[in-house]
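Worksheet for the structure shown next.
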Amino acid sequence: MPAQDALNADGETPAWQDWTPSTPQERADYGDLLLADVQELYDYVHSDDFTTALEDQGIGGISNGAIALLDEVATGKISGEEDWWSGTDLYDFAANVEGSKMAFSLVEDFAVAQGDAGAALVDEIEAGYAALENSLAAHGSLTDGFVGYAELTEENKREFTDLINALAEPLSQLTGTVLD
């Protein structure tokens, strides 16, 4: 629950404005809904329909998905504004990086098949993911938990921004490379 004098991310609107805590039953209902949604997602990604959807999307679409997930980190997660109330931005940040890396892993063989330039691009992208993951690991993990976003220093945030930008550059070349 936000403190009585807390403000929304805009720095002006009271956090309690038009908000009331949920009841224990409402929280239980939301928890049940979340479990059902996660099960539905799990079932889908392990189904033939998901495989077909990936095939329909093509390698360019998957490559662009890796880029889009990283862009989301750069534009929404790094500021700490998305989850300002809970301070859990690093969880979302890490999940997006993990998803981006997974999408990249689905197309990296196509990039390597393009020859030395493709292989060098893959090496650069892998090094970028490793550097970003190492930086995140200094603040926790998806398994063990992350520090609250408010505990990050401006230097930490700048490091994340620099690492995201460094990875975004070669990643932006991936789609063109795999489609050559």
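Following the order of the structure tokens, chains are lettered A, B, ..., residues in each are numbered from 1, and ligands are numbered from 1.
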Quick one: residues within 6 Å of region 99-110 of chain A, only C-alpha atoms, excluding same-chain residues fewer than 4 positions away - as a list in words?
Ile62, Ala66, Leu69 and Val178 of chain A
According to DSSP computed on the backbone, where in region 7-178 of chain A is there alpha helix (DSSP H)? Give the residues as a ChimeraX atom specification.
/A:24-45,48-72,89-112,116-137,154-172,174-178
Output file for the selection above: C-alpha atoms, as an mmCIF file, in the first residue's frame:
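Output below, filename part_17.cif:
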data_model
loop_
_atom_site.group_PDB
_atom_site.id
_atom_site.type_symbol
_atom_site.label_atom_id
_atom_site.label_comp_id
_atom_site.auth_asym_id
_atom_site.auth_seq_id
_atom_site.Cartn_x
_atom_site.Cartn_y
_atom_site.Cartn_z
ATOM 1 C CA PRO A 24 -8.942 -10.346 0.792
ATOM 2 C CA GLN A 25 -11.599 -11.946 -1.436
ATOM 3 C CA GLU A 26 -10.755 -9.631 -4.340
ATOM 4 C CA ARG A 27 -7.065 -10.496 -3.970
ATOM 5 C CA ALA A 28 -7.934 -14.208 -3.931
ATOM 6 C CA ASP A 29 -10.067 -13.767 -7.052
ATOM 7 C CA TYR A 30 -7.249 -11.898 -8.827
ATOM 8 C CA GLY A 31 -4.801 -14.601 -7.762
ATOM 9 C CA ASP A 32 -7.072 -17.316 -9.162
ATOM 10 C CA LEU A 33 -7.438 -15.375 -12.404
ATOM 11 C CA LEU A 34 -3.682 -14.909 -12.644
ATOM 12 C CA LEU A 35 -3.090 -18.648 -12.150
ATOM 13 C CA ALA A 36 -5.678 -19.469 -14.818
ATOM 14 C CA ASP A 37 -4.101 -16.972 -17.239
ATOM 15 C CA VAL A 38 -0.609 -18.344 -16.632
ATOM 16 C CA GLN A 39 -1.863 -21.893 -17.220
ATOM 17 C CA GLU A 40 -3.575 -20.784 -20.445
ATOM 18 C CA LEU A 41 -0.351 -19.144 -21.625
ATOM 19 C CA TYR A 42 1.688 -22.215 -20.678
ATOM 20 C CA ASP A 43 -0.708 -24.493 -22.548
ATOM 21 C CA TYR A 44 -0.584 -22.235 -25.605
ATOM 22 C CA VAL A 45 3.210 -21.993 -25.874
ATOM 23 C CA ASP A 48 0.934 -26.885 -32.055
ATOM 24 C CA ASP A 49 -0.943 -23.578 -32.458
ATOM 25 C CA PHE A 50 2.015 -21.703 -31.003
ATOM 26 C CA THR A 51 4.469 -23.467 -33.299
ATOM 27 C CA THR A 52 2.268 -22.569 -36.263
ATOM 28 C CA ALA A 53 2.057 -18.944 -35.123
ATOM 29 C CA LEU A 54 5.856 -18.763 -34.889
ATOM 30 C CA GLU A 55 6.212 -20.244 -38.342
ATOM 31 C CA ASP A 56 3.650 -17.774 -39.714
ATOM 32 C CA GLN A 57 5.542 -14.895 -38.121
ATOM 33 C CA GLY A 58 8.761 -15.881 -39.852
ATOM 34 C CA ILE A 59 12.319 -15.276 -38.763
ATOM 35 C CA GLY A 60 12.074 -11.541 -39.453
ATOM 36 C CA GLY A 61 9.108 -11.236 -37.114
ATOM 37 C CA ILE A 62 10.872 -13.162 -34.380
ATOM 38 C CA SER A 63 13.998 -11.048 -34.807
ATOM 39 C CA ASN A 64 11.905 -7.892 -34.616
ATOM 40 C CA GLY A 65 10.310 -9.290 -31.437
ATOM 41 C CA ALA A 66 13.740 -9.504 -29.802
ATOM 42 C CA ILE A 67 14.306 -5.857 -30.681
ATOM 43 C CA ALA A 68 10.843 -4.781 -29.484
ATOM 44 C CA LEU A 69 11.299 -6.398 -26.067
ATOM 45 C CA LEU A 70 14.604 -4.634 -25.570
ATOM 46 C CA ASP A 71 13.084 -1.339 -26.767
ATOM 47 C CA GLU A 72 10.391 -1.734 -24.124
ATOM 48 C CA ASP A 89 10.806 -2.690 -12.351
ATOM 49 C CA LEU A 90 13.911 -4.881 -12.305
ATOM 50 C CA TYR A 91 11.736 -8.002 -12.495
ATOM 51 C CA ASP A 92 10.048 -6.681 -15.645
ATOM 52 C CA PHE A 93 13.389 -5.467 -16.955
ATOM 53 C CA ALA A 94 14.986 -8.911 -16.497
ATOM 54 C CA ALA A 95 11.966 -10.723 -17.953
ATOM 55 C CA ASN A 96 12.062 -8.547 -21.068
ATOM 56 C CA VAL A 97 15.790 -9.145 -21.483
ATOM 57 C CA GLU A 98 15.188 -12.890 -21.068
ATOM 58 C CA GLY A 99 12.375 -12.817 -23.632
ATOM 59 C CA SER A 100 14.466 -10.794 -26.065
ATOM 60 C CA LYS A 101 17.341 -13.225 -25.677
ATOM 61 C CA MET A 102 14.997 -16.173 -26.254
ATOM 62 C CA ALA A 103 13.685 -14.623 -29.475
ATOM 63 C CA PHE A 104 17.267 -13.947 -30.564
ATOM 64 C CA SER A 105 18.194 -17.586 -29.868
ATOM 65 C CA LEU A 106 15.500 -18.711 -32.314
ATOM 66 C CA VAL A 107 17.106 -16.822 -35.206
ATOM 67 C CA GLU A 108 20.818 -16.719 -34.367
ATOM 68 C CA ASP A 109 21.563 -19.813 -36.477
ATOM 69 C CA PHE A 110 20.110 -18.007 -39.494
ATOM 70 C CA ALA A 111 22.474 -15.098 -38.864
ATOM 71 C CA VAL A 112 25.477 -17.415 -38.496
ATOM 72 C CA ASP A 116 31.566 -14.394 -41.098
ATOM 73 C CA ALA A 117 29.660 -11.114 -40.784
ATOM 74 C CA GLY A 118 26.620 -12.923 -39.405
ATOM 75 C CA ALA A 119 28.741 -14.925 -36.975
ATOM 76 C CA ALA A 120 30.490 -11.759 -35.774
ATOM 77 C CA LEU A 121 27.105 -10.087 -35.273
ATOM 78 C CA VAL A 122 25.894 -13.056 -33.212
ATOM 79 C CA ASP A 123 29.042 -12.910 -31.077
ATOM 80 C CA GLU A 124 28.520 -9.186 -30.478
ATOM 81 C CA ILE A 125 24.865 -9.690 -29.544
ATOM 82 C CA GLU A 126 25.685 -12.582 -27.199
ATOM 83 C CA ALA A 127 28.349 -10.449 -25.502
ATOM 84 C CA GLY A 128 25.798 -7.648 -25.115
ATOM 85 C CA TYR A 129 23.261 -9.950 -23.471
ATOM 86 C CA ALA A 130 25.976 -11.356 -21.167
ATOM 87 C CA ALA A 131 27.063 -7.877 -20.072
ATOM 88 C CA LEU A 132 23.475 -6.819 -19.415
ATOM 89 C CA GLU A 133 22.703 -10.024 -17.501
ATOM 90 C CA ASN A 134 25.860 -9.621 -15.403
ATOM 91 C CA SER A 135 24.883 -6.070 -14.520
ATOM 92 C CA LEU A 136 21.378 -7.186 -13.560
ATOM 93 C CA ALA A 137 22.818 -10.042 -11.476
ATOM 94 C CA GLU A 154 21.816 7.065 -10.957
ATOM 95 C CA GLU A 155 25.102 5.366 -11.845
ATOM 96 C CA ASN A 156 23.355 1.953 -11.865
ATOM 97 C CA LYS A 157 20.613 3.291 -14.134
ATOM 98 C CA ARG A 158 23.166 4.908 -16.435
ATOM 99 C CA GLU A 159 25.059 1.603 -16.649
ATOM 100 C CA PHE A 160 21.853 -0.210 -17.611
ATOM 101 C CA THR A 161 21.065 2.447 -20.219
ATOM 102 C CA ASP A 162 24.563 2.217 -21.704
ATOM 103 C CA LEU A 163 24.391 -1.590 -21.838
ATOM 104 C CA ILE A 164 20.934 -1.548 -23.445
ATOM 105 C CA ASN A 165 22.098 0.952 -26.044
ATOM 106 C CA ALA A 166 25.227 -1.097 -26.736
ATOM 107 C CA LEU A 167 23.114 -4.218 -27.283
ATOM 108 C CA ALA A 168 20.428 -2.418 -29.283
ATOM 109 C CA GLU A 169 22.911 -1.378 -31.981
ATOM 110 C CA PRO A 170 23.938 -4.868 -33.174
ATOM 111 C CA LEU A 171 20.473 -6.241 -32.435
ATOM 112 C CA SER A 172 19.015 -3.647 -34.822
ATOM 113 C CA LEU A 174 19.790 -8.770 -36.888
ATOM 114 C CA THR A 175 16.611 -8.740 -38.985
ATOM 115 C CA GLY A 176 18.406 -7.487 -42.082
ATOM 116 C CA THR A 177 21.116 -10.084 -41.574
ATOM 117 C CA VAL A 178 18.805 -13.068 -41.193
#
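Across the structure, CA of Ala74 (chain A) and CA of Leu7 (chain A) are spaced 23.6 Å apart.
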Could you give me the residues within region 48-175 of chain A that DSSP places in strand (DSSP E), as a list in words?
Gly140, Ser141, Gly145 and Phe146 of chain A
Output C-alpha atoms of each residue in that selection to a file, as a PDB file, in the first residue's frame.
ATOM      1  CA  GLY A 140      19.374  -9.868  -7.794  1.00  0.00           C
ATOM      2  CA  SER A 141      17.678 -12.416 -10.012  1.00  0.00           C
ATOM      3  CA  GLY A 145      14.407 -11.546  -6.186  1.00  0.00           C
ATOM      4  CA  PHE A 146      15.714  -8.112  -7.036  1.00  0.00           C
TER       5      PHE A 146
END
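Going from CA of Ser86 (chain A) over to CA of Asp10 (chain A), you cover 15.1 Å.
The gap separating CA of Gly11 (chain A) from CA of Thr153 (chain A) is 19.1 Å, in Å to one decimal.
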Counting only C-alpha atoms, what is within 9 Å of Gln4 (chain A), bar same-chain residues fewer than 3 positions away, as an MDAnalysis selection string?
chainID A and resid 1 7 14:16
